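Asks: Dropping in target_9.txt, which is compact mmCIF, C-alpha atoms (C1' of nucleotides):
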```
# COMPACT_ATOMS: atom_id res chain seq x y z
CA MET A 1 -5.17 2.22 -9.83
CA PHE A 2 -6.31 -1.23 -9.29
CA ARG A 3 -3.31 -3.10 -8.21
CA ILE A 4 -3.30 -6.55 -6.84
CA SER A 5 -0.60 -6.80 -4.24
CA LYS A 6 2.48 -8.87 -4.84
CA MET A 7 1.27 -11.23 -2.19
CA THR A 8 -1.99 -11.84 -3.98
CA ASP A 9 -0.22 -12.44 -7.22
CA TYR A 10 2.13 -14.86 -5.50
CA GLY A 11 -0.90 -16.41 -3.90
CA THR A 12 -2.39 -17.38 -7.22
CA VAL A 13 0.91 -18.87 -8.24
CA VAL A 14 1.11 -20.83 -5.03
CA LEU A 15 -2.44 -22.07 -5.42
CA SER A 16 -1.73 -23.17 -8.94
CA GLN A 17 0.85 -25.58 -7.54
CA LEU A 18 -1.54 -27.49 -5.36
CA GLY A 19 -3.58 -30.51 -6.25
CA ASP A 20 -7.25 -31.05 -5.65
CA ASP A 21 -8.67 -32.81 -2.65
CA GLY A 22 -7.63 -36.44 -2.83
CA SER A 23 -4.24 -35.77 -4.33
CA LEU A 24 -1.11 -35.93 -2.24
CA PRO A 25 -0.56 -32.79 -0.22
CA THR A 26 2.19 -30.47 -1.43
CA SER A 27 4.43 -28.99 1.23
CA ALA A 28 5.19 -25.30 1.50
CA SER A 29 8.85 -25.92 0.83
CA ASP A 30 8.03 -27.84 -2.35
CA VAL A 31 6.00 -24.93 -3.57
CA ALA A 32 8.81 -22.60 -2.62
CA SER A 33 11.46 -24.46 -4.53
CA ARG A 34 9.26 -24.86 -7.57
CA THR A 35 8.39 -21.19 -7.72
CA GLY A 36 11.49 -19.51 -6.41
CA LEU A 37 9.62 -17.78 -3.62
CA GLY A 38 10.97 -17.85 -0.08
CA THR A 39 9.66 -20.67 2.08
CA ALA A 40 8.64 -18.30 4.85
CA THR A 41 6.65 -16.29 2.38
CA VAL A 42 4.98 -19.32 0.89
CA SER A 43 4.10 -20.59 4.36
CA LYS A 44 2.58 -17.31 5.25
CA LEU A 45 0.47 -17.31 2.12
CA LEU A 46 -0.69 -20.86 2.64
CA LYS A 47 -1.62 -20.10 6.21
CA SER A 48 -3.78 -17.21 5.07
CA LEU A 49 -5.34 -19.32 2.37
CA GLY A 50 -5.97 -22.02 4.94
CA ARG A 51 -7.77 -19.67 7.31
CA ALA A 52 -10.03 -18.75 4.43
CA ASN A 53 -10.61 -22.43 3.75
CA LEU A 54 -9.34 -22.26 0.24
CA VAL A 55 -6.72 -24.85 1.03
CA THR A 56 -6.68 -27.65 3.55
CA ALA A 57 -3.60 -28.49 5.54
CA GLN A 58 -2.37 -31.91 6.38
CA ARG A 59 -0.08 -31.56 9.33
CA GLY A 60 2.73 -33.79 10.37
CA SER A 61 5.39 -35.53 8.41
CA ASN A 62 4.59 -35.90 4.71
CA GLY A 63 1.99 -33.26 5.20
CA GLY A 64 1.27 -30.27 3.09
CA TYR A 65 -1.64 -28.55 1.44
CA TYR A 66 -4.26 -29.26 -1.16
CA LEU A 67 -7.13 -27.27 -2.57
CA SER A 68 -10.26 -27.51 -0.47
CA ARG A 69 -12.37 -27.13 -3.59
CA PRO A 70 -11.75 -27.61 -7.29
CA ALA A 71 -9.95 -24.70 -8.93
CA GLU A 72 -13.05 -23.97 -10.98
CA SER A 73 -14.97 -22.96 -7.89
CA ILE A 74 -12.40 -20.73 -6.24
CA SER A 75 -12.84 -17.14 -7.32
CA ALA A 76 -10.32 -14.36 -7.67
CA ALA A 77 -12.37 -12.39 -5.18
CA GLU A 78 -11.92 -15.11 -2.57
CA ILE A 79 -8.20 -15.24 -3.14
CA ILE A 80 -7.87 -11.51 -2.75
CA ASP A 81 -10.02 -11.51 0.37
CA ALA A 82 -8.01 -14.34 1.85
CA ILE A 83 -4.69 -12.63 1.35
CA GLU A 84 -5.42 -8.94 1.61
CA GLY A 85 -8.24 -9.26 4.08
CA PRO A 86 -11.73 -7.92 3.53
CA LEU A 87 -10.50 -4.49 4.47
CA ALA A 88 -11.95 -3.29 1.23
CA ILE A 89 -14.49 -0.59 0.94
CA THR A 90 -17.31 -2.87 0.12
CA GLU A 91 -20.13 -3.48 2.48
CA CYS A 92 -21.18 -0.28 4.16
CA SER A 93 -23.83 0.37 1.59
CA SER A 94 -27.21 -0.26 3.18
CA ASP A 95 -26.81 0.73 6.79
CA HIS A 96 -24.21 3.37 6.56
CA GLN A 97 -24.62 4.55 10.12
CA GLN A 98 -23.87 1.15 11.53
CA CYS A 99 -20.81 0.68 9.38
CA ASP A 100 -17.80 0.71 11.63
CA ILE A 101 -15.50 2.20 9.06
CA ARG A 102 -17.85 4.99 8.18
CA ALA A 103 -15.42 7.66 9.28
CA VAL A 104 -12.63 6.13 7.28
CA CYS A 105 -14.74 5.25 4.35
CA SER A 106 -16.61 8.37 3.32
CA VAL A 107 -17.00 7.03 -0.16
CA GLY A 108 -20.22 8.11 -1.63
CA SER A 109 -22.52 5.52 -3.05
CA ALA A 110 -21.16 6.08 -6.53
CA TRP A 111 -17.84 4.73 -5.36
CA GLN A 112 -19.78 1.93 -3.78
CA SER A 113 -21.42 0.94 -7.01
CA ILE A 114 -18.07 1.08 -8.72
CA ASN A 115 -16.82 -1.21 -6.05
CA ARG A 116 -19.67 -3.61 -6.50
CA ALA A 117 -19.08 -3.73 -10.23
CA ILE A 118 -15.46 -4.55 -9.68
CA ARG A 119 -16.27 -7.18 -7.17
CA SER A 120 -18.66 -8.97 -9.44
CA THR A 121 -15.96 -9.08 -12.08
CA LEU A 122 -13.63 -10.69 -9.60
CA VAL A 123 -16.22 -13.18 -8.48
CA SER A 124 -16.66 -14.35 -12.03
CA ILE A 125 -13.01 -15.30 -12.54
CA SER A 126 -11.90 -18.64 -11.15
CA LEU A 127 -8.54 -19.95 -10.10
CA ALA A 128 -8.82 -22.29 -13.06
CA ASP A 129 -9.01 -19.27 -15.36
CA LEU A 130 -5.95 -17.82 -13.74
CA LYS A 131 -4.11 -21.09 -14.13
CA ASN A 132 -4.97 -21.57 -17.78
CA ASN A 133 -3.55 -18.26 -18.35
CA ARG A 134 -0.17 -19.46 -17.40
CA ALA A 135 -0.11 -21.44 -20.59
CA ILE A 136 -0.09 -18.27 -22.65
CA PRO A 137 3.55 -17.49 -23.43
CA ASP A 138 3.15 -14.06 -22.11
CA VAL A 139 6.24 -13.59 -20.06
CA ILE A 140 9.60 -14.31 -21.56
CA PRO A 141 11.99 -15.67 -18.97
CA LEU A 142 15.03 -13.46 -19.27
CA THR A 143 17.50 -14.39 -16.61
CA PRO A 144 14.86 -15.46 -14.16
CA MET A 145 16.07 -16.07 -10.66
CA MET A 146 18.89 -13.64 -11.23
CA SER A 147 17.31 -10.47 -12.43
CA GLN A 148 15.35 -9.83 -9.33
CA ALA A 149 16.52 -6.40 -8.51
CA ASN A 150 15.16 -5.69 -5.11
CA ASN A 151 11.89 -3.85 -5.05
CA THR A 152 10.83 -6.10 -7.83
CA ARG A 153 8.11 -8.61 -8.00
CA LEU A 154 9.69 -11.95 -8.49
CA ASP A 155 8.73 -13.24 -11.85
CA VAL A 156 7.68 -16.51 -10.41
CA ARG A 157 5.73 -17.44 -13.48
CA ALA A 158 8.89 -17.36 -15.48
CA ASN A 159 10.47 -19.81 -13.07
CA LEU A 160 7.59 -22.13 -13.58
CA ALA A 161 7.84 -21.77 -17.32
CA LYS A 162 11.44 -22.97 -17.18
CA GLY A 163 10.16 -26.17 -15.70
CA GLN A 164 11.00 -26.77 -12.07
CA MET B 1 -9.16 -4.92 -2.23
CA PHE B 2 -9.98 -2.11 -4.48
CA ARG B 3 -9.39 0.96 -2.48
CA ILE B 4 -9.36 4.43 -3.83
CA SER B 5 -6.74 6.38 -1.98
CA LYS B 6 -7.70 9.17 0.38
CA MET B 7 -6.17 11.59 -2.05
CA THR B 8 -8.38 10.43 -4.87
CA ASP B 9 -11.44 10.66 -2.69
CA TYR B 10 -10.43 14.16 -1.65
CA GLY B 11 -9.76 14.89 -5.29
CA THR B 12 -13.35 14.26 -6.24
CA VAL B 13 -14.50 16.50 -3.42
CA VAL B 14 -12.16 19.24 -4.53
CA LEU B 15 -13.31 18.92 -8.12
CA SER B 16 -16.91 19.15 -7.01
CA GLN B 17 -16.17 22.62 -5.66
CA LEU B 18 -15.03 24.07 -8.94
CA GLY B 19 -17.12 25.76 -11.60
CA ASP B 20 -17.11 25.06 -15.27
CA ASP B 21 -15.08 26.99 -17.78
CA GLY B 22 -16.41 30.52 -17.90
CA SER B 23 -17.22 30.73 -14.22
CA LEU B 24 -14.99 32.59 -11.83
CA PRO B 25 -11.96 30.60 -10.80
CA THR B 26 -12.00 29.19 -7.28
CA SER B 27 -8.79 29.46 -5.31
CA ALA B 28 -7.20 26.56 -3.53
CA SER B 29 -7.66 28.23 -0.17
CA ASP B 30 -11.36 28.72 -0.82
CA VAL B 31 -11.71 25.04 -1.55
CA ALA B 32 -9.73 24.27 1.56
CA SER B 33 -11.88 26.33 3.87
CA ARG B 34 -15.08 25.00 2.37
CA THR B 35 -14.04 21.39 2.71
CA GLY B 36 -11.91 21.41 5.83
CA LEU B 37 -8.92 19.99 4.00
CA GLY B 38 -5.48 21.55 4.47
CA THR B 39 -4.60 24.20 1.94
CA ALA B 40 -1.30 22.55 1.09
CA THR B 41 -3.11 19.32 0.39
CA VAL B 42 -5.72 20.98 -1.76
CA SER B 43 -3.01 22.80 -3.70
CA LYS B 44 -1.20 19.59 -4.31
CA LEU B 45 -4.34 17.94 -5.57
CA LEU B 46 -5.19 20.81 -7.85
CA LYS B 47 -1.69 20.83 -9.22
CA SER B 48 -1.99 17.16 -10.10
CA LEU B 49 -5.39 17.69 -11.62
CA GLY B 50 -3.99 20.59 -13.58
CA ARG B 51 -1.15 18.55 -15.03
CA ALA B 52 -3.74 16.09 -16.22
CA ASN B 53 -5.70 18.94 -17.77
CA LEU B 54 -8.81 18.23 -15.79
CA VAL B 55 -8.69 21.70 -14.32
CA THR B 56 -7.31 24.92 -15.70
CA ALA B 57 -5.45 27.37 -13.53
CA GLN B 58 -5.70 31.10 -13.64
CA ARG B 59 -2.57 32.40 -12.06
CA GLY B 60 -2.06 35.69 -10.34
CA SER B 61 -4.21 37.63 -8.00
CA ASN B 62 -7.87 36.64 -8.05
CA GLY B 63 -6.77 33.49 -9.76
CA GLY B 64 -7.83 29.98 -9.04
CA TYR B 65 -9.07 26.93 -10.84
CA TYR B 66 -12.01 25.86 -12.92
CA LEU B 67 -12.93 22.65 -14.66
CA SER B 68 -11.38 22.34 -18.08
CA ARG B 69 -14.37 20.35 -19.26
CA PRO B 70 -17.92 19.90 -18.02
CA ALA B 71 -18.28 17.51 -15.11
CA GLU B 72 -20.24 15.16 -17.31
CA SER B 73 -17.23 14.47 -19.45
CA ILE B 74 -14.64 13.91 -16.75
CA SER B 75 -14.45 10.26 -15.81
CA ALA B 76 -13.54 8.60 -12.55
CA ALA B 77 -10.75 6.84 -14.39
CA GLU B 78 -9.21 10.15 -15.36
CA ILE B 79 -9.41 11.45 -11.83
CA ILE B 80 -7.71 8.38 -10.48
CA ASP B 81 -5.03 8.52 -13.13
CA ALA B 82 -4.42 12.17 -12.45
CA ILE B 83 -3.97 11.70 -8.74
CA GLU B 84 -2.51 8.27 -8.33
CA GLY B 85 -0.61 8.30 -11.57
CA PRO B 86 -0.97 5.73 -14.28
CA LEU B 87 1.19 3.41 -12.25
CA ALA B 88 -1.56 0.86 -12.46
CA ILE B 89 -1.17 -2.50 -13.99
CA THR B 90 -3.03 -1.59 -17.07
CA GLU B 91 -1.28 -1.21 -20.32
CA CYS B 92 1.25 -3.94 -20.74
CA SER B 93 -1.28 -6.12 -22.49
CA SER B 94 -0.45 -6.10 -26.16
CA ASP B 95 3.30 -5.82 -26.31
CA HIS B 96 4.31 -7.41 -23.11
CA GLN B 97 7.98 -7.51 -23.96
CA GLN B 98 8.19 -3.80 -24.43
CA CYS B 99 6.37 -3.04 -21.24
CA ASP B 100 8.78 -1.40 -18.87
CA ILE B 101 7.19 -2.79 -15.78
CA ARG B 102 7.12 -6.31 -17.08
CA ALA B 103 9.36 -7.60 -14.32
CA VAL B 104 7.26 -5.89 -11.71
CA CYS B 105 4.00 -6.69 -13.27
CA SER B 106 3.99 -10.40 -13.94
CA VAL B 107 0.25 -10.44 -13.96
CA GLY B 108 -1.03 -12.96 -16.35
CA SER B 109 -3.49 -11.89 -18.96
CA ALA B 110 -6.40 -12.98 -16.79
CA TRP B 111 -5.47 -10.26 -14.33
CA GLN B 112 -5.17 -8.00 -17.31
CA SER B 113 -8.68 -8.66 -18.45
CA ILE B 114 -9.91 -8.14 -14.94
CA ASN B 115 -8.13 -4.87 -15.00
CA ARG B 116 -9.65 -3.88 -18.30
CA ALA B 117 -13.10 -4.68 -17.00
CA ILE B 118 -12.54 -2.52 -13.97
CA ARG B 119 -11.19 0.27 -16.04
CA SER B 120 -14.18 0.34 -18.29
CA THR B 121 -16.41 0.62 -15.26
CA LEU B 122 -14.41 3.59 -14.11
CA VAL B 123 -14.51 5.22 -17.50
CA SER B 124 -18.27 5.06 -17.50
CA ILE B 125 -18.69 7.05 -14.30
CA SER B 126 -18.43 10.80 -14.56
CA LEU B 127 -17.58 13.49 -12.09
CA ALA B 128 -21.19 14.60 -12.41
CA ASP B 129 -22.27 11.17 -11.16
CA LEU B 130 -19.94 11.48 -8.23
CA LYS B 131 -21.26 14.92 -7.43
CA ASN B 132 -24.91 13.98 -7.57
CA ASN B 133 -24.15 11.41 -5.12
CA ARG B 134 -23.31 13.98 -2.55
CA ALA B 135 -26.97 14.87 -2.43
CA ILE B 136 -27.79 11.50 -0.98
CA PRO B 137 -27.87 11.95 2.81
CA ASP B 138 -25.50 9.16 3.19
CA VAL B 139 -23.08 10.41 5.75
CA ILE B 140 -24.35 11.86 8.97
CA PRO B 141 -22.14 14.66 10.22
CA LEU B 142 -21.34 13.69 13.78
CA THR B 143 -18.90 16.13 15.19
CA PRO B 144 -17.26 16.87 11.89
CA MET B 145 -14.04 18.79 12.06
CA MET B 146 -13.38 17.53 15.52
CA SER B 147 -13.63 13.81 15.29
CA GLN B 148 -10.70 13.46 13.00
CA ALA B 149 -8.68 11.04 14.94
CA ASN B 150 -5.43 10.86 13.15
CA ASN B 151 -5.14 8.09 10.64
CA THR B 152 -8.65 8.86 9.64
CA ARG B 153 -9.98 10.03 6.40
CA LEU B 154 -11.43 13.45 6.91
CA ASP B 155 -15.12 13.29 6.37
CA VAL B 156 -15.02 16.22 4.05
CA ARG B 157 -18.40 15.41 2.66
CA ALA B 158 -19.91 15.95 6.06
CA ASN B 159 -18.33 19.37 6.24
CA LEU B 160 -19.90 20.24 2.98
CA ALA B 161 -23.25 18.97 4.15
CA LYS B 162 -23.11 21.39 7.05
CA GLY B 163 -23.12 24.21 4.55
CA GLN B 164 -19.93 26.07 3.80
C1' DT C 1 4.60 47.99 -7.05
C1' DT C 2 2.35 44.94 -4.23
C1' DA C 3 -0.29 41.22 -2.72
C1' DA C 4 -2.71 37.22 -3.95
C1' DA C 5 -2.47 33.45 -6.59
C1' DT C 6 -0.44 29.14 -8.90
C1' DA C 7 4.06 26.07 -10.05
C1' DG C 8 7.25 22.99 -8.77
C1' DG C 9 10.00 20.49 -6.05
C1' DA C 10 12.09 18.76 -1.83
C1' DC C 11 11.25 16.98 2.38
C1' DT C 12 9.18 14.54 6.55
C1' DA C 13 6.12 11.53 8.82
C1' DA C 14 3.05 7.88 9.04
C1' DA C 15 0.97 3.81 7.44
C1' DA C 16 0.74 -0.34 4.74
C1' DT C 17 3.21 -4.12 2.68
C1' DA C 18 6.62 -7.51 2.31
C1' DG C 19 9.47 -10.64 4.20
C1' DT C 20 11.80 -13.21 8.24
C1' DA C 21 12.45 -15.76 12.54
C1' DC C 22 11.30 -18.57 16.30
C1' DG C 23 9.20 -21.67 19.49
C1' DC C 24 5.11 -24.86 19.61
C1' DT C 25 2.09 -28.65 17.96
C1' DT C 26 0.91 -32.50 15.05
C1' DT C 27 1.76 -36.88 12.87
C1' DA C 28 3.78 -40.51 9.74
C1' DA C 29 7.28 -43.57 9.70
C1' DA C 30 11.47 -45.76 11.32
C1' DT D 1 8.27 -44.71 21.13
C1' DT D 2 11.26 -41.66 19.25
C1' DT D 3 12.34 -38.66 15.55
C1' DA D 4 12.01 -35.57 11.97
C1' DA D 5 9.15 -33.36 8.76
C1' DA D 6 5.55 -30.92 8.35
C1' DG D 7 2.06 -26.96 9.68
C1' DC D 8 0.60 -23.01 13.41
C1' DG D 9 0.89 -18.69 15.43
C1' DT D 10 2.94 -14.71 16.52
C1' DA D 11 6.08 -11.23 16.79
C1' DC D 12 9.34 -8.61 14.57
C1' DT D 13 12.02 -5.88 11.00
C1' DA D 14 12.66 -3.67 6.81
C1' DT D 15 10.98 -1.56 2.77
C1' DT D 16 7.82 0.94 0.07
C1' DT D 17 3.97 3.75 -0.55
C1' DT D 18 1.00 7.32 0.84
C1' DA D 19 -0.09 11.50 3.11
C1' DG D 20 0.91 15.86 4.28
C1' DT D 21 4.02 20.12 4.72
C1' DC D 22 7.10 23.80 3.40
C1' DC D 23 9.79 26.78 0.71
C1' DT D 24 11.07 29.48 -3.26
C1' DA D 25 9.90 31.13 -7.83
C1' DT D 26 6.64 32.92 -11.13
C1' DT D 27 2.43 35.14 -12.68
C1' DT D 28 -0.95 38.82 -12.78
C1' DA D 29 -4.85 41.94 -11.36
C1' DA D 30 -5.47 45.95 -8.89
```
Please, can you express the file's structure as C-alpha cells?
Replies:
Amino acid sequence: MFRISKMTDYGTVVLSQLGDDGSLPTSASDVASRTGLGTATVSKLLKSLGRANLVTAQRGSNGGYYLSRPAESISAAEIIDAIEGPLAITECSSDHQQCDIRAVCSVGSAWQSINRAIRSTLVSISLADLKNNRAIPDVIPLTPMMSQANNTRLDVRANLAKGQ
Amino acid sequence: MFRISKMTDYGTVVLSQLGDDGSLPTSASDVASRTGLGTATVSKLLKSLGRANLVTAQRGSNGGYYLSRPAESISAAEIIDAIEGPLAITECSSDHQQCDIRAVCSVGSAWQSINRAIRSTLVSISLADLKNNRAIPDVIPLTPMMSQANNTRLDVRANLAKGQ
DNA sequence: TTAAATAGGACTAAAATAGTACGCTTTAAA
DNA sequence: TTTAAAGCGTACTATTTTAGTCCTATTTAA
C-alpha cells in the first residue's frame, strides 16, 4: 500500500554511510563495497541525492560525497523526493484547475488530506532516526550476500551488520 | 511518493455507486456505463472488493452488488487492501524472523513506524468521507470521455458530475 | 429454458522501476 | 604536467508491476 521503493531504501543505507560536512568524502565505490550494492547503482543514487542537495560531491581524485547537512536535519520526505521524484500526488490542492496533472490525478480532496497527513509524518522523521534504527537487531543476517535470489531486495543492512 | 493506484481510485468511485444492504443490487455494467470505466475493469474491481467482503454479490439475472456494510464503516485502508492486496510493508513488525517477506522487506523499524502512522490515517477515513468529497466541485469536466489520452487516468469523477 | 448476472482465471499490453554502460569532466598527487 | 581516481550525464536494457481484456463456468430470476 505504502511501499518505499527499493531505491529509496537503498538510498537511506547509502546516506547512512556518509560523514557530515567537514569529514573526508566517501567515494561511491567505498559505499558500494561496504553495503554490497552495485557501484553503478550507488553512483546513481548519490547523483540523485546530490541534485537534491542532500549530499555534496567532491570531484576529482580522493573525492567522494558527504552530507550537506547534519543527519538530524534531513527528513525522510526529502530522501523520498530526491530519489523517487516529486511525482507524488501532493500539491494540486488549492488551484486544481492550474494543476498540470489534474487529468492524471483525479484524487478527490479526501485523498489529498490523506496525502498531506502522510507527508507530515515523513517530514517528522530524520535520517538520524533512520540510522539509529540500524542498531536495533532487527534483521538476522542469514547467508547475506549469497541469498539474494533475484527479484529480491538486497538485505544491505545485514551486510552492514556483519561489519564491512 | 505515496500514490494510490488508478485501480484503487477507480475502486472508490465504483463503491460510491453501490447502495447499502437492502437496496437493489447494482450490476457491474450499470456501474460501468455510469462512470465511463470499462465493464471488464469494473467487474474485476468488484470481484476484488467482493473477496474482501466489502461488497456482496447477488448472482443470476437481475443480480449485482451492494455494500456489505454502510459506507461509514468501510475504511480507505480496507479498500486499498482489497484492491492492491496486502502486499504492503506492514506487518512484519513484531516477529521479524517469521515474516515471509523479510528478505524483500529490509525496512528498519523506523520505516515500520512510518508505515503504521500512515495506516492509521487510512483507517480513520471512511468510504462515506470519500464520497462526500465528490460533492466538492473540484474537478472541472473538460471534454470528459474524449480527452482520455492513453496513459491517463480516466476522470471518472467528471463523468459522474455530468449526471449519469 | 433462457438470458442476465457474477466467478475465476489466464492472458496481453503498457508503464514504472531497477540496474548497467559509456564517454566526458574535474582534480589531487606523483 | 601527466595520470588516475573520482564524479557527471545520459542513454540503454531488463525486469517487475500495473492495467486492462477475454473466455468459460456457474448461478438464478423470469
Asks: Quick check, in Å to one decimal: how far apart do CA of Val42 in chain B and CA of Val13 in chain B lie?
Replies: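 About the pair CA of Val42 in chain B and CA of Val13 in chain B: they are 10.0 Å apart.
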Asks: What are the residues of chain A lining chain D at 6 Å or less? Count all atoms listed in the file, and put the answer as an MDAnalysis selection string.
Replies: chainID A and resid 59:61 63
Asks: Show me, as JSON lines, the residues of chain A having an atom within 10 Å of chain C, each with the closest atom pair and its distance in Å, using only C-alpha atoms (C1' of nucleotides).
Replies:
```
{"residue": "A:Ser5", "atom": "CA", "partner": "C:DT17", "partner_atom": "C1'", "distance": 8.3}
{"residue": "A:Lys6", "atom": "CA", "partner": "C:DA18", "partner_atom": "C1'", "distance": 8.4}
{"residue": "A:Met7", "atom": "CA", "partner": "C:DA18", "partner_atom": "C1'", "distance": 7.9}
{"residue": "A:Gly38", "atom": "CA", "partner": "C:DG19", "partner_atom": "C1'", "distance": 8.5}
{"residue": "A:Thr39", "atom": "CA", "partner": "C:DT20", "partner_atom": "C1'", "distance": 9.9}
{"residue": "A:Ala40", "atom": "CA", "partner": "C:DT20", "partner_atom": "C1'", "distance": 6.9}
{"residue": "A:Thr41", "atom": "CA", "partner": "C:DG19", "partner_atom": "C1'", "distance": 6.6}
{"residue": "A:Lys44", "atom": "CA", "partner": "C:DG19", "partner_atom": "C1'", "distance": 9.6}
{"residue": "A:Gln58", "atom": "CA", "partner": "C:DT27", "partner_atom": "C1'", "distance": 9.2}
{"residue": "A:Arg59", "atom": "CA", "partner": "C:DT26", "partner_atom": "C1'", "distance": 5.9}
{"residue": "A:Gly60", "atom": "CA", "partner": "C:DT27", "partner_atom": "C1'", "distance": 4.1}
{"residue": "A:Ser61", "atom": "CA", "partner": "C:DA28", "partner_atom": "C1'", "distance": 5.4}
{"residue": "A:Asn62", "atom": "CA", "partner": "C:DA28", "partner_atom": "C1'", "distance": 6.9}
{"residue": "A:Gly63", "atom": "CA", "partner": "C:DT27", "partner_atom": "C1'", "distance": 8.5}
{"residue": "A:Glu84", "atom": "CA", "partner": "C:DT17", "partner_atom": "C1'", "distance": 9.9}
{"residue": "A:Asn151", "atom": "CA", "partner": "C:DA18", "partner_atom": "C1'", "distance": 9.8}
```
Asks: Keeping C-alpha atoms for every residue in the selection just given, could you write it to a file as a JSON list (two decimals), in the coordinates of the input?
Replies:
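See part.json below for the written result:
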```
[["chain", "number", "residue", "atom", "x", "y", "z"],
["A", 5, "SER", "CA", -0.60, -6.80, -4.24],
["A", 6, "LYS", "CA", 2.48, -8.87, -4.84],
["A", 7, "MET", "CA", 1.27, -11.23, -2.19],
["A", 38, "GLY", "CA", 10.97, -17.85, -0.08],
["A", 39, "THR", "CA", 9.66, -20.67, 2.08],
["A", 40, "ALA", "CA", 8.64, -18.30, 4.85],
["A", 41, "THR", "CA", 6.65, -16.29, 2.38],
["A", 44, "LYS", "CA", 2.58, -17.31, 5.25],
["A", 58, "GLN", "CA", -2.37, -31.91, 6.38],
["A", 59, "ARG", "CA", -0.08, -31.56, 9.33],
["A", 60, "GLY", "CA", 2.73, -33.79, 10.37],
["A", 61, "SER", "CA", 5.39, -35.53, 8.41],
["A", 62, "ASN", "CA", 4.59, -35.90, 4.71],
["A", 63, "GLY", "CA", 1.99, -33.26, 5.20],
["A", 84, "GLU", "CA", -5.42, -8.94, 1.61],
["A", 151, "ASN", "CA", 11.89, -3.85, -5.05]]
```
Asks: Would you compute the distance between CA of Tyr65 in chain A and CA of Leu15 in chain A? Give it in Å to one decimal.
Replies: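 So the two atoms, CA of Tyr65 in chain A and CA of Leu15 in chain A, lie 9.5 Å apart.
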Asks: Return as JSON the box centre and box size in Å, one decimal, for an axis-aligned box around all listed atoms of range 41-56 of chain B padded by 6 Å per side.
Replies:
```
{"center_x": -5.0, "center_y": 20.5, "center_z": -8.7, "size_x": 19.7, "size_y": 20.8, "size_z": 30.2}
```
Asks: Nearest residue to chain B out of A:Ile118, A:Ala128, A:Gln17, A:Ser27, using all atoms listed in the file?
Replies: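 Looking at the shortest contact to chain B, the residue is A:Ile118.
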Asks: Could you tell me how far CA of Arg69 in chain B lies from CA of Asn53 in chain B, in Å and to one decimal?
Replies: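 Answer for the CA of Arg69 in chain B to CA of Asn53 in chain B separation: 8.9 Å.
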Asks: Measuring atom to atom with only C-alpha atoms, identify which of B:Gly11, B:Pro70, B:Pro25, B:Gly64 is nearest to chain A.
Replies: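 Checking each of B:Gly11, B:Pro70, B:Pro25, B:Gly64 against chain A, counting only C-alpha atoms, the winner is B:Gly11.
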Asks: My list of candidates is A:Ile74, A:Leu24, A:Ile114, A:Leu127. Which is closest to chain B when distances are computed with only C-alpha atoms?
Replies: A:Ile114
Asks: Please provide as a PDB file with C-alpha atoms, keeping the file's coordinate frame all residues within 9 Å of Gly50 in chain A, with the sequence filter that same-chain residues fewer than 6 positions apart are discarded (counting all atoms listed in the file).
Replies:
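Listing of selection.pdb after writing:
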```
ATOM      1  CA  THR A  56      -6.680 -27.650   3.550  1.00  0.00           C
ATOM      2  CA  ALA A  57      -3.600 -28.490   5.540  1.00  0.00           C
ATOM      3  CA  TYR A  65      -1.640 -28.550   1.440  1.00  0.00           C
ATOM      4  CA  SER A  68     -10.260 -27.510  -0.470  1.00  0.00           C
ATOM      5  CA  ALA A  82      -8.010 -14.340   1.850  1.00  0.00           C
TER       6      ALA A  82
END
```
